$ cat protein_29.csv   # CSV, C-alpha atoms (C1' of nucleotides)
chain,number,residue,atom,x,y,z
A,319,MET,CA,9.5,-18.8,10.2
A,320,THR,CA,9.3,-22.2,8.6
A,321,GLN,CA,11.9,-23.5,6.2
A,322,LYS,CA,9.6,-22.9,3.3
A,323,GLN,CA,9.0,-19.3,4.4
A,324,LYS,CA,12.7,-18.8,5.0
A,325,ARG,CA,13.5,-19.9,1.5
A,326,SER,CA,11.0,-17.6,-0.1
A,327,PHE,CA,12.3,-14.8,2.1
A,328,ASP,CA,15.8,-15.4,0.7
A,329,ASP,CA,14.5,-15.6,-2.8
A,330,LEU,CA,12.8,-12.3,-2.3
A,331,GLU,CA,15.9,-10.6,-0.9
A,332,ASN,CA,18.2,-11.9,-3.6
A,333,ALA,CA,15.9,-11.6,-6.6
A,334,GLU,CA,17.5,-9.6,-9.4
A,335,THR,CA,15.9,-7.2,-11.8
A,336,THR,CA,14.6,-9.1,-14.8
A,337,GLN,CA,16.1,-8.2,-18.1
A,338,GLU,CA,13.9,-6.5,-20.6
A,339,THR,CA,15.1,-6.2,-24.1
A,340,ASP,CA,13.3,-5.8,-27.3
A,341,GLU,CA,10.1,-7.3,-25.8
A,342,LYS,CA,9.5,-4.0,-24.2
A,343,GLU,CA,7.4,-2.7,-27.1
A,344,GLU,CA,4.9,-5.6,-26.7
A,345,ARG,CA,4.5,-5.4,-23.0
A,346,GLN,CA,1.0,-4.6,-21.8
A,347,LEU,CA,0.5,-1.8,-19.3
A,348,HIS,CA,0.4,-3.0,-15.7
A,349,TYR,CA,-1.6,-1.5,-12.9
A,350,TRP,CA,-0.6,-0.9,-9.3
A,351,LEU,CA,-1.7,0.6,-6.0
A,352,MET,CA,0.7,2.4,-3.7
A,353,LYS,CA,0.0,4.0,-0.4
A,354,ALA,CA,1.0,7.2,1.3
A,355,GLU,CA,-0.3,8.9,4.4
A,356,PRO,CA,-2.0,12.3,3.7
A,357,ASP,CA,-2.2,13.3,7.4
A,358,THR,CA,0.6,14.8,9.4
A,359,ARG,CA,2.6,12.2,11.3
A,360,PHE,CA,6.1,12.7,12.6
A,361,VAL,CA,8.7,10.0,12.1
A,362,ASN,CA,12.1,10.8,13.6
A,363,GLY,CA,11.1,14.5,13.7
A,364,THR,CA,9.9,14.6,10.1
A,365,ASP,CA,6.4,15.0,8.9
A,366,ILE,CA,5.8,12.2,6.4
A,367,ALA,CA,2.4,13.5,5.2
A,368,PHE,CA,2.1,13.3,1.4
A,369,ASP,CA,-1.0,13.7,-0.7
A,370,TYR,CA,-2.1,14.0,-4.3
A,371,GLU,CA,-2.0,17.8,-4.4
A,372,MET,CA,1.7,17.7,-3.3
A,373,LEU,CA,2.4,15.2,-6.0
A,374,GLU,CA,0.7,17.4,-8.6
A,375,GLU,CA,2.7,20.4,-7.4
A,376,LEU,CA,6.0,18.5,-7.5
A,377,THR,CA,5.4,17.0,-11.0
A,378,LYS,CA,3.6,19.8,-12.8
A,379,ASN,CA,6.6,20.8,-15.0
A,380,GLY,CA,7.5,17.3,-16.2
A,381,GLU,CA,9.6,16.4,-13.2
A,382,TYR,CA,9.1,13.1,-11.5
A,383,LYS,CA,8.7,12.4,-7.8
A,384,ALA,CA,10.9,9.7,-6.3
A,385,TRP,CA,8.5,7.4,-4.5
A,386,GLY,CA,10.3,5.7,-1.6
A,387,GLY,CA,10.1,4.6,1.9
A,388,VAL,CA,9.0,1.1,1.0
A,389,ARG,CA,10.6,-1.3,3.5
A,390,ASN,CA,9.2,-4.7,2.7
A,391,TYR,CA,11.0,-7.1,0.3
A,392,GLU,CA,8.0,-8.2,-1.6
A,393,ALA,CA,6.9,-4.7,-2.2
A,394,ARG,CA,10.5,-3.7,-3.1
A,395,ASN,CA,10.8,-6.4,-5.7
A,396,MET,CA,7.7,-5.2,-7.5
A,397,ILE,CA,9.2,-1.7,-7.5
A,398,LYS,CA,12.6,-3.0,-8.5
A,399,SER,CA,11.7,-5.6,-11.2
A,400,GLU,CA,8.1,-5.3,-12.3
A,401,MET,CA,7.1,-1.7,-12.5
A,402,LYS,CA,7.8,-0.3,-16.0
A,403,LEU,CA,7.6,3.1,-17.7
A,404,GLY,CA,4.0,4.0,-18.5
A,405,ASP,CA,2.4,1.7,-15.9
A,406,LEU,CA,-0.4,3.3,-14.0
A,407,VAL,CA,-0.8,3.5,-10.2
A,408,PHE,CA,-3.6,4.2,-7.9
A,409,PHE,CA,-2.5,6.7,-5.2
A,410,TYR,CA,-4.1,5.3,-2.0
A,411,TYR,CA,-4.4,7.2,1.3
A,412,SER,CA,-3.7,5.1,4.3
A,413,ASN,CA,-3.8,5.7,8.1
A,414,CYS,CA,-6.5,8.3,7.7
A,415,LYS,CA,-10.3,8.7,7.7
A,416,PRO,CA,-11.5,7.3,5.5
A,417,PRO,CA,-8.7,5.3,3.9
A,418,ARG,CA,-9.3,5.9,0.1
A,419,ILE,CA,-8.0,6.0,-3.4
A,420,ALA,CA,-7.5,9.6,-4.4
A,421,GLY,CA,-5.9,9.6,-7.9
A,422,VAL,CA,-3.9,8.1,-10.6
A,423,MET,CA,-0.1,8.5,-11.2
A,424,GLU,CA,2.1,7.2,-14.0
A,425,ILE,CA,5.5,5.5,-13.7
A,426,CYS,CA,8.0,7.9,-15.5
A,427,ARG,CA,11.3,6.5,-14.3
A,428,GLU,CA,12.0,2.8,-13.5
A,429,ALA,CA,13.7,1.7,-10.3
A,430,PHE,CA,16.8,3.4,-8.9
A,431,PRO,CA,18.5,3.2,-5.6
A,432,GLU,CA,16.6,5.0,-2.9
A,433,ALA,CA,18.5,8.1,-1.6
A,434,ASN,CA,16.5,8.3,1.6
A,435,ALA,CA,18.1,5.1,2.9
A,436,PHE,CA,21.6,6.6,2.7
A,437,ASN,CA,20.7,9.8,4.5
A,438,LYS,CA,21.1,9.7,8.3
A,439,GLU,CA,18.7,12.7,8.7
A,440,ASN,CA,16.0,11.0,6.7
A,441,PRO,CA,13.1,9.1,8.5
A,442,TYR,CA,13.7,6.2,6.1
A,443,TYR,CA,17.5,6.0,6.8
A,444,ASP,CA,18.7,2.4,6.8
A,445,PRO,CA,22.4,1.7,7.6
A,446,LYS,CA,22.1,-1.6,5.9
A,447,SER,CA,21.7,0.0,2.6
A,448,ASP,CA,24.7,1.6,1.0
A,449,PRO,CA,25.3,3.0,-2.5
A,450,GLU,CA,27.6,0.1,-3.4
A,451,ARG,CA,24.9,-2.4,-2.6
A,452,PRO,CA,21.6,-0.6,-2.3
A,453,ARG,CA,18.9,-2.5,-0.5
A,454,TRP,CA,15.9,-0.2,-1.2
A,455,PHE,CA,14.6,1.3,-4.4
A,456,SER,CA,12.5,4.2,-5.5
A,457,ILE,CA,10.3,4.5,-8.6
A,458,GLY,CA,9.7,7.8,-10.4
A,459,VAL,CA,6.1,8.8,-10.6
A,460,LYS,CA,4.1,11.8,-11.8
A,461,ALA,CA,0.5,12.9,-11.2
A,462,LYS,CA,-1.8,11.8,-14.0
A,463,PHE,CA,-5.3,12.7,-12.9
A,464,LYS,CA,-7.3,13.0,-9.7
A,465,LEU,CA,-10.3,10.7,-9.4
A,466,LYS,CA,-13.5,12.7,-10.0
A,467,ARG,CA,-14.7,11.1,-6.8
A,468,GLU,CA,-12.4,9.5,-4.2
A,469,ILE,CA,-13.2,5.9,-3.5
A,470,PRO,CA,-13.2,5.0,0.2
A,471,LEU,CA,-12.0,1.6,1.4
A,472,HIS,CA,-15.5,0.8,2.7
A,473,GLU,CA,-16.9,1.2,-0.8
A,474,LEU,CA,-14.2,-1.1,-2.3
A,475,ARG,CA,-15.2,-3.7,0.3
A,476,MET,CA,-18.8,-3.6,-0.9
A,477,TYR,CA,-17.5,-5.5,-4.0
A,478,SER,CA,-15.2,-7.9,-2.1
A,479,ASN,CA,-17.5,-10.8,-2.9
A,480,ASN,CA,-17.6,-10.1,-6.6
A,481,GLN,CA,-15.8,-7.6,-8.8
A,482,LEU,CA,-13.0,-7.0,-6.3
A,483,ALA,CA,-12.9,-10.5,-4.8
A,484,ASN,CA,-9.2,-11.0,-5.7
A,485,MET,CA,-8.0,-7.5,-5.2
A,486,GLU,CA,-4.6,-7.8,-3.5
A,487,SER,CA,-4.7,-4.7,-1.5
A,488,LEU,CA,-8.0,-5.8,0.1
A,489,LYS,CA,-6.6,-9.2,1.0
A,490,ARG,CA,-3.2,-8.1,2.2
A,491,SER,CA,-3.9,-4.7,3.7
A,492,ARG,CA,-0.4,-4.3,5.1
A,493,LEU,CA,1.4,-4.3,1.8
A,494,SER,CA,2.2,-0.7,0.6
A,495,VAL,CA,2.6,-1.8,-3.0
A,496,SER,CA,0.2,-4.2,-4.7
A,497,ARG,CA,-0.9,-5.3,-8.1
A,498,VAL,CA,-4.3,-4.3,-9.6
A,499,SER,CA,-5.7,-6.4,-12.4
A,500,PRO,CA,-6.9,-4.6,-15.6
A,501,ARG,CA,-10.5,-5.5,-14.7
A,502,GLU,CA,-10.2,-4.2,-11.1
A,503,TRP,CA,-8.6,-1.1,-12.5
A,504,GLN,CA,-11.4,-0.4,-14.9
A,505,PHE,CA,-14.0,-1.3,-12.4
A,506,ILE,CA,-12.7,1.3,-9.9
A,507,LEU,CA,-12.3,4.0,-12.5
A,508,ASP,CA,-16.0,3.4,-13.4
A,509,LEU,CA,-17.0,3.7,-9.8
A,510,ALA,CA,-15.3,7.1,-9.7
A,511,GLU,CA,-17.5,8.2,-12.5
A,512,GLN,CA,-20.7,7.2,-10.6
A,513,ALA,CA,-22.4,9.0,-7.7
A,514,SER,CA,-21.3,7.8,-4.2
A,515,PRO,CA,-23.5,5.0,-2.9
A,516,ASP,CA,-23.6,7.0,0.4
A,517,ALA,CA,-25.0,10.0,-1.6
A,518,THR,CA,-27.5,7.7,-3.4
A,519,SER,CA,-28.8,6.2,-0.2
A,520,PHE,CA,-29.0,9.7,1.3
A,521,TYR,CA,-31.2,10.9,-1.6
A,522,ILE,CA,-33.3,7.8,-1.5
A,523,LYS,CA,-34.0,8.4,2.2
A,524,LYS,CA,-34.7,12.0,1.6
A,525,ARG,CA,-37.2,11.2,-1.1
A,526,ARG,CA,-39.0,8.6,1.1
A,527,LYS,CA,-39.3,11.2,3.8
A,528,LEU,CA,-40.8,13.6,1.3
A,529,GLU,CA,-43.3,11.0,0.1
A,530,GLU,CA,-44.3,10.2,3.7
A,531,HIS,CA,-44.8,13.8,4.2
A,532,LEU,CA,-46.9,14.3,1.1
A,533,LYS,CA,-49.1,11.3,2.1
A,534,ASP,CA,-49.8,13.1,5.4
A,535,VAL,CA,-50.6,16.4,3.7
A,536,HIS,CA,-52.6,15.0,0.8
A,537,PRO,CA,-53.9,11.7,1.9
B,1145,DG,C1',16.6,-24.4,11.4
B,1146,DC,C1',13.0,-23.5,14.8
B,1147,DC,C1',10.1,-20.6,17.1
B,1148,DA,C1',9.0,-17.2,20.7
B,1149,DA,C1',9.3,-12.5,21.2
B,1150,DC,C1',9.1,-8.3,19.3
B,1151,DG,C1',7.9,-4.5,16.0
B,1152,DT,C1',5.1,-2.4,12.4
B,1153,DT,C1',1.1,-1.5,9.7
B,1154,DG,C1',-3.2,0.1,9.3
B,1155,DG,C1',-8.2,-0.4,10.0
B,1156,DC,C1',-11.6,0.4,13.4
C,1434,DG,C1',-6.0,3.6,21.8
C,1435,DC,C1',-6.6,-1.1,20.6
C,1436,DC,C1',-5.5,-5.1,18.4
C,1437,DA,C1',-5.2,-8.5,14.4
C,1438,DA,C1',-2.1,-9.8,11.0
C,1439,DC,C1',2.1,-10.7,9.8
C,1440,DG,C1',7.0,-9.6,9.0
C,1441,DT,C1',11.6,-9.7,11.3
C,1442,DT,C1',15.0,-10.8,14.8
C,1443,DG,C1',17.8,-13.5,17.7
C,1444,DG,C1',18.6,-17.2,21.2
C,1445,DC,C1',19.1,-21.8,21.4

$ encode --input "protein_29.csv" --output "structure tokens"
Amino acid sequence: MTQKQKRSFDDLENAETTQETDEKEERQLHYWLMKAEPDTRFVNGTDIAFDYEMLEELTKNGEYKAWGGVRNYEARNMIKSEMKLGDLVFFYYSNCKPPRIAGVMEICREAFPEANAFNKENPYYDPKSDPERPRWFSIGVKAKFKLKREIPLHELRMYSNNQLANMESLKRSRLSVSRVSPREWQFILDLAEQASPDATSFYIKKRRKLEEHLKDVHP
DNA sequence: GCCAACGTTGGC
DNA sequence: GCCAACGTTGGC
């Protein structure tokens, strides 16, 4: 690690939560993307699978789900200092086929110390985090709506030279929390309203075949 | 403080 | 299962 990198690492680790006072009212909504794995995978004996249906079930009566397990300082600092009540978040499925955006959730509790890190039985236990000086933070989220159509990663990449050229999650695929610009957010929501490009090309092919066939039958 | 070795993420 | 990318650790 270079000196410059080391400094930014310390900055990240020591960064404090920014103070928000009466400016809160004027703050614009911010948009985010957070990842979870929808398929069964055992970490220290615990299945860590989590998907949108589970989030809906857990939050249907106004409860929030503590979103945790983020073990990267840059991602943690977004959780700790930048995510605010009312912000909206894409729920992204990673480590599965295909990787994809499944739905939208809303921040309904701002950062608080992550309980998983204190619990020895938990797959996300971290002895370096204690309640006196918590190292890792959770954010409270609830299900907002499932996308009408899930958007797979390969489809997002179709726009990586134009509409989604700067999308953080595409450029830094290993970060489990990333920012989404308002434009990117709206673009992806619009995609979810349209037919899948796969389906479109499927029907185009089908129609061509039919036309070929008709040509043969009625030349 | 540098940097090699190691570990993790996550797409393919 | 492989491996690229990159974050983290630890010896010097």

$ closest_residue --input "protein_29.csv" --among "A:Ala384, A:Phe463, A:Glu424, A:Ala435" --to "Glu371 (chain A)" --atoms "only C-alpha atoms"
A:Phe463

$ interface_residues --input "protein_29.csv" --of "chain B" --to "chain A" --cutoff "9 Å" --atoms "only C-alpha atoms (C1' of nucleotides)" --output "list of chain:residue names"
B:DG1145, B:DC1146, B:DC1147, B:DT1153, B:DG1154, B:DG1155

$ closest_residue --input "protein_29.csv" --among "A:Arg490, A:Arg359, A:Ala483, A:Lys460" --to "DC1439 (chain C)" --atoms "only C-alpha atoms (C1' of nucleotides)"
A:Arg490

$ residues_around --input "protein_29.csv" --residues "Ser478 (chain A)" --least-positions-apart "6" --cutoff "9 Å" --atoms "all atoms listed in the file" --output "PyMOL selection string"
chain A and resi 484-485+488

$ closest_residue --input "protein_29.csv" --among "A:Tyr391, A:Tyr477, A:Phe360, A:Phe368" --to "DG1440 (chain C)" --atoms "all atoms listed in the file"
A:Tyr391
